[in-house]
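**Q** Handing you a structure now.
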Amino acid sequence: MPTLDEYELLGVEREAGKPAFALMADRKTGRYVGSAFVNSSRAIRERLWKRVQEYAGPAPKAMKRPATQWVKPG
């Protein structure tokens with residue numbers, strides 16, 4: 001079973017009135033593997049969002065998701 005260490009955060013998608021979710025990639029290949037709802041306390045969600053904004057980056061090729069804040073690789 002895969003562990004959290006095997007994934008890299010690509011970005012976080014947030015839309016008003018909807019739960020936020022993280023877009024994840026395989027750490028070794030960089031390929032998109034799916035999404036995970038960010039279901040935690042408000043403090044943790046706010047800390048995650050702050051970090052996402054600090055490391056903002058361009059969208060990966062072929063990923064067109066306007067509500068997503070992308071994160072630099074690495």
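Going through the structure tokens in order, the chains are called A, B, and so on, while each chain numbers its residues from 1 and the ligands are numbered from 1 in the order shown.
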DSSP on the backbone: what in region 14-64 of chain A comes out strand (DSSP E), as number ranges by chain?

**A** A: 21-26, 32-37

**Q** So which residues touch region 16-32 of chain A within 10 Å, counting only C-alpha atoms, skipping near sequence neighbours fewer than 3 positions away, as a list in words?

**A** Pro2, Leu4, Asp5, Glu6, Tyr7, Glu8, Leu9, Leu10, Gly11, Val12, Glu13, Ser35, Ala36, Phe37, Val38, Asn39, Arg45, Trp49, Pro60, Met63, Ala67, Thr68, Gln69, Trp70, Val71, Pro73 and Gly74 of chain A

**Q** Could you tell me, as a ChimeraX atom specification, which residues of chain A DSSP assigns to helix (DSSP H, G or I) when given the backbone?

**A** /A:4-6,42-54

**Q** How many Å lie between CA of Ile44 (chain A) and CA of Lys72 (chain A), rounded to one decimal?

**A**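 Interatomic distance here is 20.2 Å.
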